[in-house]
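Visitor: There's a structure below that I have some questions on.
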Amino acid sequence: AQTVTQSQPEMSVQEAETVTLSCTYDTSESDYYLFWYKQPPSRQMILVIRQEAYKQQNATENRFSVNFQKAAKSFSLKISDSQLGDAAMYFCAYRRMNYGGSQGNLIFGKGTKLSVKP
Amino acid sequence: DGGITQSPKYLFRKEGQNVTLSCEQNLNHDAMYWYRQDPGQGLRLIYYSQIVNDFQKGDIAEGYSVSREKKESFPLTVTSAQKNPTAFYLCASSIDARSGMAQYFGPGTRLTVL
């Protein structure tokens, strides 16, 4: 079974600085999808970024980018120019490719709590 | 605006009572999901539905039931058989259940058993 591990329960960053959140996963599949979700204090889950494993190019969304290392099964999230609004729980998630039913559902890590200091 | 709505935001239940959590989406998504979140944990899948009139159990379905009579709606009933129902419940939807398109989430319902 696939598992997702976020080894940093909490992280802190100074406003305007850069921070990297770690995520590793375990799978025997060669094709899959990876996601980062943000959960602010309102508790609504917000999609940050999505990566397709068959694409070598790292996904980027404005100040958010990933470092996808397929061989190492690593999927870290880099937040540049951190803002106070970035303070939240961040969850890494894995999904198998082209599977319906329970095989295709998201598997989440336990999250990293990011604090942003002014 | 397109999106997912959940109601109520907060729900209190006495032991032995069944309660129903509402989830509605106007994104025209085929697939819908219910997750449970406990403190310090990631999300765990309760039930999912790939299409109207079809739904399947997730990892922690015991004590829960769902229906999918309309594409837009996927209510979750927490029954008295659920031994520890106090949690935060999130509903999500995606275009379909087979592609790798992202799931989009509603604002959640906080259920507390008194």
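All residue names refer to the structure tokens as shown: chains lettered A, B, ... in order, residues numbered from 1 in each chain, ligands numbered from 1 in order.
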Tell me which protein, DNA and RNA residues are within 8 Å of Tyr47 of chain B, counting only C-alpha atoms, leaving out same-chain ones fewer than 2 positions away, and put them as an mmCIF file with all heavy atoms, in the first residue's frame.
Guide:
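Result saved to part_18.cif:
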```cif
data_model
loop_
_atom_site.group_PDB
_atom_site.id
_atom_site.type_symbol
_atom_site.label_atom_id
_atom_site.label_comp_id
_atom_site.auth_asym_id
_atom_site.auth_seq_id
_atom_site.Cartn_x
_atom_site.Cartn_y
_atom_site.Cartn_z
ATOM 1 N N TYR B 33 -16.670 12.890 -2.584
ATOM 2 C CA TYR B 33 -15.962 12.159 -1.533
ATOM 3 C C TYR B 33 -16.293 12.753 -0.168
ATOM 4 O O TYR B 33 -16.550 13.943 -0.040
ATOM 5 C CB TYR B 33 -14.449 12.281 -1.727
ATOM 6 C CG TYR B 33 -13.948 12.004 -3.122
ATOM 7 C CD1 TYR B 33 -14.016 12.984 -4.116
ATOM 8 C CD2 TYR B 33 -13.403 10.773 -3.457
ATOM 9 C CE1 TYR B 33 -13.563 12.745 -5.398
ATOM 10 C CE2 TYR B 33 -12.935 10.525 -4.739
ATOM 11 C CZ TYR B 33 -13.022 11.517 -5.707
ATOM 12 O OH TYR B 33 -12.564 11.263 -6.976
ATOM 13 N N TRP B 34 -16.227 11.893 0.849
ATOM 14 C CA TRP B 34 -16.294 12.340 2.226
ATOM 15 C C TRP B 34 -15.038 11.883 2.956
ATOM 16 O O TRP B 34 -14.661 10.706 2.896
ATOM 17 C CB TRP B 34 -17.513 11.764 2.944
ATOM 18 C CG TRP B 34 -18.755 12.572 2.777
ATOM 19 C CD1 TRP B 34 -19.835 12.287 2.004
ATOM 20 C CD2 TRP B 34 -19.049 13.826 3.419
ATOM 21 N NE1 TRP B 34 -20.777 13.279 2.102
ATOM 22 C CE2 TRP B 34 -20.319 14.231 2.965
ATOM 23 C CE3 TRP B 34 -18.366 14.634 4.321
ATOM 24 C CZ2 TRP B 34 -20.938 15.412 3.389
ATOM 25 C CZ3 TRP B 34 -18.975 15.807 4.755
ATOM 26 C CH2 TRP B 34 -20.238 16.181 4.286
ATOM 27 N N TYR B 35 -14.420 12.856 3.671
ATOM 28 C CA TYR B 35 -13.235 12.573 4.462
ATOM 29 C C TYR B 35 -13.487 12.958 5.913
ATOM 30 O O TYR B 35 -14.258 13.865 6.214
ATOM 31 C CB TYR B 35 -12.037 13.387 3.972
ATOM 32 C CG TYR B 35 -11.506 12.989 2.622
ATOM 33 C CD1 TYR B 35 -11.985 13.585 1.463
ATOM 34 C CD2 TYR B 35 -10.505 12.041 2.509
ATOM 35 C CE1 TYR B 35 -11.488 13.237 0.222
ATOM 36 C CE2 TYR B 35 -9.988 11.688 1.268
ATOM 37 C CZ TYR B 35 -10.485 12.292 0.134
ATOM 38 O OH TYR B 35 -9.970 11.941 -1.093
ATOM 39 N N LEU B 45 -10.507 8.629 4.130
ATOM 40 C CA LEU B 45 -11.672 8.528 3.261
ATOM 41 C C LEU B 45 -12.763 7.686 3.911
ATOM 42 O O LEU B 45 -12.523 6.551 4.325
ATOM 43 C CB LEU B 45 -11.260 7.902 1.928
ATOM 44 C CG LEU B 45 -12.354 7.780 0.885
ATOM 45 C CD1 LEU B 45 -12.779 9.161 0.392
ATOM 46 C CD2 LEU B 45 -11.863 6.937 -0.277
ATOM 47 N N SER B 49 -18.231 8.493 -4.247
ATOM 48 C CA SER B 49 -19.216 8.183 -5.282
ATOM 49 C C SER B 49 -18.643 8.601 -6.627
ATOM 50 O O SER B 49 -18.241 9.745 -6.807
ATOM 51 C CB SER B 49 -20.526 8.933 -5.003
ATOM 52 O OG SER B 49 -21.390 8.852 -6.106
ATOM 53 N N PHE B 55 -22.141 4.406 -4.952
ATOM 54 C CA PHE B 55 -21.171 4.851 -3.956
ATOM 55 C C PHE B 55 -20.463 3.620 -3.391
ATOM 56 O O PHE B 55 -20.986 2.501 -3.448
ATOM 57 C CB PHE B 55 -21.824 5.672 -2.842
ATOM 58 C CG PHE B 55 -23.041 5.036 -2.218
ATOM 59 C CD1 PHE B 55 -22.915 4.093 -1.208
ATOM 60 C CD2 PHE B 55 -24.315 5.410 -2.629
ATOM 61 C CE1 PHE B 55 -24.039 3.524 -0.630
ATOM 62 C CE2 PHE B 55 -25.437 4.857 -2.051
ATOM 63 C CZ PHE B 55 -25.293 3.906 -1.059
ATOM 64 N N GLN B 56 -19.271 3.870 -2.872
ATOM 65 C CA GLN B 56 -18.437 2.785 -2.377
ATOM 66 C C GLN B 56 -17.823 3.172 -1.029
ATOM 67 O O GLN B 56 -17.575 4.352 -0.764
ATOM 68 C CB GLN B 56 -17.298 2.486 -3.364
ATOM 69 C CG GLN B 56 -17.762 2.114 -4.764
ATOM 70 C CD GLN B 56 -18.499 0.797 -4.791
ATOM 71 O OE1 GLN B 56 -18.255 -0.089 -3.981
ATOM 72 N NE2 GLN B 56 -19.432 0.661 -5.725
ATOM 73 N N LYS B 57 -17.552 2.175 -0.217
ATOM 74 C CA LYS B 57 -16.923 2.419 1.074
ATOM 75 C C LYS B 57 -15.463 2.797 0.889
ATOM 76 O O LYS B 57 -14.766 2.266 0.034
ATOM 77 C CB LYS B 57 -17.012 1.163 1.946
ATOM 78 C CG LYS B 57 -18.430 0.810 2.373
ATOM 79 C CD LYS B 57 -18.422 -0.428 3.259
ATOM 80 C CE LYS B 57 -19.846 -0.762 3.703
ATOM 81 N NZ LYS B 57 -19.864 -1.976 4.580
ATOM 82 N N GLY B 58 -15.032 3.701 1.761
ATOM 83 C CA GLY B 58 -13.628 4.036 1.834
ATOM 84 C C GLY B 58 -12.952 3.261 2.951
ATOM 85 O O GLY B 58 -13.361 2.156 3.311
ATOM 86 N N ASP B 59 -11.947 3.873 3.549
ATOM 87 C CA ASP B 59 -11.150 3.171 4.556
ATOM 88 C C ASP B 59 -11.829 3.064 5.928
ATOM 89 O O ASP B 59 -11.514 2.165 6.711
ATOM 90 C CB ASP B 59 -9.804 3.887 4.726
ATOM 91 C CG ASP B 59 -9.020 3.922 3.426
ATOM 92 O OD1 ASP B 59 -9.057 2.917 2.694
ATOM 93 O OD2 ASP B 59 -8.373 4.956 3.143
ATOM 94 N N ILE B 60 -12.742 3.997 6.227
ATOM 95 C CA ILE B 60 -13.328 4.030 7.579
ATOM 96 C C ILE B 60 -14.834 4.212 7.497
ATOM 97 O O ILE B 60 -15.404 5.085 8.126
ATOM 98 C CB ILE B 60 -12.683 5.149 8.433
ATOM 99 C CG1 ILE B 60 -12.787 6.508 7.725
ATOM 100 C CG2 ILE B 60 -11.225 4.830 8.733
ATOM 101 C CD1 ILE B 60 -12.472 7.680 8.640
ATOM 102 N N ALA B 61 -15.525 3.352 6.752
ATOM 103 C CA ALA B 61 -16.956 3.525 6.490
ATOM 104 C C ALA B 61 -17.868 3.066 7.631
ATOM 105 O O ALA B 61 -19.053 3.429 7.656
ATOM 106 C CB ALA B 61 -17.323 2.782 5.220
ATOM 107 N N VAL B 66 -24.281 6.938 3.203
ATOM 108 C CA VAL B 66 -24.392 8.026 2.238
ATOM 109 C C VAL B 66 -25.476 7.687 1.220
ATOM 110 O O VAL B 66 -25.958 6.560 1.148
ATOM 111 C CB VAL B 66 -23.068 8.270 1.485
ATOM 112 C CG1 VAL B 66 -21.983 8.799 2.420
ATOM 113 C CG2 VAL B 66 -22.608 7.010 0.763
#
```
Visitor: Can you check which parts of chain A lie within 12 Å of chain B? Per residue, the shortest pair of atoms and distance in Å to one decimal, counting only C-alpha atoms, sorted by chain and number, as a Markdown table.
Guide:
```
| residue | atom | partner | partner_atom | distance |
| --- | --- | --- | --- | --- |
| A:Thr3 | CA | B:Gly42 | CA | 11.6 |
| A:Val4 | CA | B:Gly42 | CA | 9.9 |
| A:Thr5 | CA | B:Gly42 | CA | 10.4 |
| A:Gln6 | CA | B:Gly42 | CA | 10.2 |
| A:Pro9 | CA | B:Gly40 | CA | 8.9 |
| A:Glu10 | CA | B:Gly40 | CA | 11.1 |
| A:Asp31 | CA | B:Gly100 | CA | 10.5 |
| A:Tyr32 | CA | B:Gly100 | CA | 7.8 |
| A:Tyr33 | CA | B:Gly100 | CA | 6.2 |
| A:Leu34 | CA | B:Gly100 | CA | 8.9 |
| A:Phe35 | CA | B:Ala102 | CA | 7.9 |
| A:Trp36 | CA | B:Ala102 | CA | 10.1 |
| A:Tyr37 | CA | B:Tyr104 | CA | 9.9 |
| A:Lys38 | CA | B:Phe105 | CA | 11.0 |
| A:Gln39 | CA | B:Pro107 | CA | 10.1 |
| A:Pro40 | CA | B:Pro107 | CA | 10.8 |
| A:Pro41 | CA | B:Pro107 | CA | 11.0 |
| A:Ser42 | CA | B:Pro107 | CA | 7.6 |
| A:Arg43 | CA | B:Pro107 | CA | 6.7 |
| A:Gln44 | CA | B:Pro107 | CA | 4.5 |
| A:Met45 | CA | B:Phe105 | CA | 5.7 |
| A:Ile46 | CA | B:Phe105 | CA | 7.0 |
| A:Leu47 | CA | B:Tyr104 | CA | 7.1 |
| A:Val48 | CA | B:Ala102 | CA | 10.1 |
| A:Ile49 | CA | B:Ala102 | CA | 9.2 |
| A:Arg50 | CA | B:Ala102 | CA | 7.5 |
| A:Gln51 | CA | B:Gly100 | CA | 9.4 |
| A:Glu52 | CA | B:Gly100 | CA | 8.1 |
| A:Ala53 | CA | B:Gly100 | CA | 10.6 |
| A:Tyr54 | CA | B:Gly100 | CA | 11.9 |
| A:Met89 | CA | B:Gly40 | CA | 10.1 |
| A:Tyr90 | CA | B:Gly42 | CA | 9.9 |
| A:Phe91 | CA | B:Gly42 | CA | 7.3 |
| A:Cys92 | CA | B:Gly42 | CA | 9.1 |
| A:Ala93 | CA | B:Gly42 | CA | 9.3 |
| A:Tyr94 | CA | B:Gly100 | CA | 9.9 |
| A:Arg95 | CA | B:Gly100 | CA | 7.2 |
| A:Arg96 | CA | B:Gly100 | CA | 7.8 |
| A:Met97 | CA | B:Gly100 | CA | 6.3 |
| A:Asn98 | CA | B:Arg98 | CA | 4.9 |
| A:Tyr99 | CA | B:Arg98 | CA | 4.9 |
| A:Gly100 | CA | B:Arg98 | CA | 4.4 |
| A:Gly101 | CA | B:Ala97 | CA | 6.8 |
| A:Ser102 | CA | B:Gly58 | CA | 6.4 |
| A:Gln103 | CA | B:Arg98 | CA | 9.2 |
| A:Gly104 | CA | B:Arg98 | CA | 6.5 |
| A:Asn105 | CA | B:Ala97 | CA | 7.8 |
| A:Leu106 | CA | B:Leu45 | CA | 8.3 |
| A:Ile107 | CA | B:Arg44 | CA | 7.9 |
| A:Phe108 | CA | B:Gly42 | CA | 5.5 |
| A:Gly109 | CA | B:Gly42 | CA | 5.5 |
| A:Lys110 | CA | B:Gly42 | CA | 4.2 |
| A:Gly111 | CA | B:Gly42 | CA | 6.3 |
| A:Thr112 | CA | B:Gly40 | CA | 9.5 |
| A:Lys113 | CA | B:Gly40 | CA | 9.9 |
```
Visitor: Report, in Å with one decimal, the straight-line distance from atom CA of Lys55 of chain A to atom CA of Leu27 of chain B.
Guide: 27.3 Å
Visitor: Just give me the gap between atom CA of Tyr10 of chain B and atom CA of Ala87 of chain A in Å, one decimal is fine.
Guide: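 Result for atom CA of Tyr10 of chain B versus atom CA of Ala87 of chain A: 23.4 Å, one decimal.
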Visitor: Figure out the distance between atom CA of Ser73 of chain B and atom CA of Ala87 of chain B, please, to one decimal in Å.
Guide: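 Between these atoms lies a distance of 21.2 Å.
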Visitor: Within 9 Å of Thr77 of chain B, counting only C-alpha atoms, which residues show up once you throw out same-chain ones fewer than 2 positions away? Write them as a PDB file with all heavy atoms, in the first residue's frame, please.
Guide:
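out24.pdb, written as the output of this step:
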```pdb
ATOM      1  N   ASN B  18     -28.728   9.919  15.195  1.00  0.00           N
ATOM      2  CA  ASN B  18     -28.162  10.001  13.852  1.00  0.00           C
ATOM      3  C   ASN B  18     -28.178  11.470  13.412  1.00  0.00           C
ATOM      4  O   ASN B  18     -29.117  12.211  13.746  1.00  0.00           O
ATOM      5  CB  ASN B  18     -28.993   9.196  12.855  1.00  0.00           C
ATOM      6  CG  ASN B  18     -28.916   7.708  13.103  1.00  0.00           C
ATOM      7  OD1 ASN B  18     -28.147   7.245  13.940  1.00  0.00           O
ATOM      8  ND2 ASN B  18     -29.722   6.956  12.378  1.00  0.00           N
ATOM      9  N   VAL B  19     -27.156  11.880  12.684  1.00  0.00           N
ATOM     10  CA  VAL B  19     -27.148  13.234  12.122  1.00  0.00           C
ATOM     11  C   VAL B  19     -26.716  13.150  10.669  1.00  0.00           C
ATOM     12  O   VAL B  19     -25.952  12.254  10.294  1.00  0.00           O
ATOM     13  CB  VAL B  19     -26.208  14.188  12.882  1.00  0.00           C
ATOM     14  CG1 VAL B  19     -26.768  14.504  14.243  1.00  0.00           C
ATOM     15  CG2 VAL B  19     -24.814  13.619  12.977  1.00  0.00           C
ATOM     16  N   THR B  20     -27.201  14.104   9.864  1.00  0.00           N
ATOM     17  CA  THR B  20     -26.847  14.135   8.446  1.00  0.00           C
ATOM     18  C   THR B  20     -26.122  15.427   8.113  1.00  0.00           C
ATOM     19  O   THR B  20     -26.599  16.519   8.433  1.00  0.00           O
ATOM     20  CB  THR B  20     -28.097  13.990   7.574  1.00  0.00           C
ATOM     21  OG1 THR B  20     -28.699  12.720   7.833  1.00  0.00           O
ATOM     22  CG2 THR B  20     -27.731  14.081   6.094  1.00  0.00           C
ATOM     23  N   LEU B  21     -24.985  15.281   7.455  1.00  0.00           N
ATOM     24  CA  LEU B  21     -24.187  16.409   6.998  1.00  0.00           C
ATOM     25  C   LEU B  21     -24.445  16.617   5.512  1.00  0.00           C
ATOM     26  O   LEU B  21     -24.420  15.655   4.734  1.00  0.00           O
ATOM     27  CB  LEU B  21     -22.692  16.136   7.226  1.00  0.00           C
ATOM     28  CG  LEU B  21     -22.129  16.270   8.644  1.00  0.00           C
ATOM     29  CD1 LEU B  21     -22.827  15.338   9.624  1.00  0.00           C
ATOM     30  CD2 LEU B  21     -20.623  16.023   8.623  1.00  0.00           C
ATOM     31  N   SER B  22     -24.643  17.863   5.151  1.00  0.00           N
ATOM     32  CA  SER B  22     -24.985  18.183   3.767  1.00  0.00           C
ATOM     33  C   SER B  22     -23.742  18.552   2.964  1.00  0.00           C
ATOM     34  O   SER B  22     -22.824  19.208   3.486  1.00  0.00           O
ATOM     35  CB  SER B  22     -25.979  19.339   3.736  1.00  0.00           C
ATOM     36  OG  SER B  22     -26.157  19.820   2.425  1.00  0.00           O
ATOM     37  N   GLY B  63     -20.208   2.781  10.566  1.00  0.00           N
ATOM     38  CA  GLY B  63     -20.933   3.783  11.335  1.00  0.00           C
ATOM     39  C   GLY B  63     -21.396   4.974  10.518  1.00  0.00           C
ATOM     40  O   GLY B  63     -21.989   5.909  11.061  1.00  0.00           O
ATOM     41  N   TYR B  64     -21.154   4.948   9.217  1.00  0.00           N
ATOM     42  CA  TYR B  64     -21.558   6.026   8.328  1.00  0.00           C
ATOM     43  C   TYR B  64     -22.412   5.465   7.190  1.00  0.00           C
ATOM     44  O   TYR B  64     -22.298   4.295   6.845  1.00  0.00           O
ATOM     45  CB  TYR B  64     -20.343   6.715   7.704  1.00  0.00           C
ATOM     46  CG  TYR B  64     -19.393   7.362   8.685  1.00  0.00           C
ATOM     47  CD1 TYR B  64     -18.246   6.690   9.106  1.00  0.00           C
ATOM     48  CD2 TYR B  64     -19.624   8.646   9.179  1.00  0.00           C
ATOM     49  CE1 TYR B  64     -17.364   7.266  10.005  1.00  0.00           C
ATOM     50  CE2 TYR B  64     -18.744   9.233  10.065  1.00  0.00           C
ATOM     51  CZ  TYR B  64     -17.608   8.545  10.470  1.00  0.00           C
ATOM     52  OH  TYR B  64     -16.734   9.126  11.348  1.00  0.00           O
ATOM     53  N   SER B  65     -23.253   6.327   6.611  1.00  0.00           N
ATOM     54  CA  SER B  65     -23.974   5.954   5.404  1.00  0.00           C
ATOM     55  C   SER B  65     -24.106   7.175   4.512  1.00  0.00           C
ATOM     56  O   SER B  65     -24.013   8.321   4.977  1.00  0.00           O
ATOM     57  CB  SER B  65     -25.357   5.390   5.732  1.00  0.00           C
ATOM     58  OG  SER B  65     -26.175   6.388   6.312  1.00  0.00           O
ATOM     59  N   VAL B  66     -24.281   6.938   3.203  1.00  0.00           N
ATOM     60  CA  VAL B  66     -24.392   8.026   2.238  1.00  0.00           C
ATOM     61  C   VAL B  66     -25.476   7.687   1.220  1.00  0.00           C
ATOM     62  O   VAL B  66     -25.958   6.560   1.148  1.00  0.00           O
ATOM     63  CB  VAL B  66     -23.068   8.270   1.485  1.00  0.00           C
ATOM     64  CG1 VAL B  66     -21.983   8.799   2.420  1.00  0.00           C
ATOM     65  CG2 VAL B  66     -22.608   7.010   0.763  1.00  0.00           C
ATOM     66  N   SER B  67     -25.827   8.689   0.417  1.00  0.00           N
ATOM     67  CA  SER B  67     -26.698   8.489  -0.733  1.00  0.00           C
ATOM     68  C   SER B  67     -26.211   9.420  -1.828  1.00  0.00           C
ATOM     69  O   SER B  67     -25.564  10.440  -1.563  1.00  0.00           O
ATOM     70  CB  SER B  67     -28.156   8.761  -0.388  1.00  0.00           C
ATOM     71  OG  SER B  67     -28.327  10.115   0.001  1.00  0.00           O
ATOM     72  N   PRO B  75     -25.020  13.633   0.631  1.00  0.00           N
ATOM     73  CA  PRO B  75     -25.112  13.760   2.088  1.00  0.00           C
ATOM     74  C   PRO B  75     -24.509  12.574   2.823  1.00  0.00           C
ATOM     75  O   PRO B  75     -24.575  11.435   2.355  1.00  0.00           O
ATOM     76  CB  PRO B  75     -26.632  13.842   2.320  1.00  0.00           C
ATOM     77  CG  PRO B  75     -27.235  13.163   1.130  1.00  0.00           C
ATOM     78  CD  PRO B  75     -26.316  13.418  -0.015  1.00  0.00           C
ATOM     79  N   THR B  79     -24.217   7.676  11.954  1.00  0.00           N
ATOM     80  CA  THR B  79     -25.190   6.911  12.729  1.00  0.00           C
ATOM     81  C   THR B  79     -24.717   6.707  14.159  1.00  0.00           C
ATOM     82  O   THR B  79     -23.544   6.945  14.490  1.00  0.00           O
ATOM     83  CB  THR B  79     -25.461   5.552  12.085  1.00  0.00           C
ATOM     84  OG1 THR B  79     -24.345   4.695  12.332  1.00  0.00           O
ATOM     85  CG2 THR B  79     -25.685   5.687  10.578  1.00  0.00           C
TER      86      THR B  79
END
```
Visitor: Determine which residues of chain B DSSP labels as strand (DSSP E or B) from the backbone of this structure, then write them out as number ranges by chain.
Guide: B: 4-7, 10-13, 19-25, 31-37, 43-51, 54-57, 64-66, 70, 73, 76-78, 87-94, 104-105, 109-113
Visitor: Write out as a list of chain:residue names the residues lying within 9 Å of Ala1 of chain A, counting only C-alpha atoms and excluding same-chain residues fewer than 6 positions away.
Guide: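 Residues near the query, excluding close chain neighbours: A:Asp26, A:Thr27, A:Ser28.
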Visitor: Store the residues of this selection in a file with N, CA, C and O atoms, as a PDB file, in the first residue's frame.
Guide:
```pdb
ATOM      1  N   ASP A  26       5.918   6.282  -0.567  1.00  0.00           N
ATOM      2  CA  ASP A  26       6.335   4.920  -0.875  1.00  0.00           C
ATOM      3  C   ASP A  26       5.343   4.326  -1.856  1.00  0.00           C
ATOM      4  O   ASP A  26       4.140   4.284  -1.567  1.00  0.00           O
ATOM      5  N   THR A  27       5.821   3.879  -2.999  1.00  0.00           N
ATOM      6  CA  THR A  27       4.952   3.265  -3.998  1.00  0.00           C
ATOM      7  C   THR A  27       5.769   2.367  -4.900  1.00  0.00           C
ATOM      8  O   THR A  27       6.964   2.585  -5.092  1.00  0.00           O
ATOM      9  N   SER A  28       5.108   1.385  -5.458  1.00  0.00           N
ATOM     10  CA  SER A  28       5.747   0.531  -6.458  1.00  0.00           C
ATOM     11  C   SER A  28       5.268   0.895  -7.864  1.00  0.00           C
ATOM     12  O   SER A  28       5.710   0.297  -8.845  1.00  0.00           O
TER      13      SER A  28
END
```
Visitor: Determine the nearest neighbour of Thr86 of chain B from the options B:Leu11, B:Ile51, B:Met32, B:Ile46, counting only C-alpha atoms.
Guide: B:Leu11
Visitor: Let me make sure I understand: among A:Thr24, A:Asn58, A:Gln69, A:Ser12, which one has the smallest atom-to-atom distance to Asp86 of chain A if we use only C-alpha atoms?
Guide: A:Ser12
Visitor: List the neighbours of Glu15 of chain B out to 7 Å using only C-alpha atoms; skip same-chain residues closer than 2 positions along the sequence, and give me the result as a ChimeraX atom specification.
Guide: /B:13,17,80,113-114
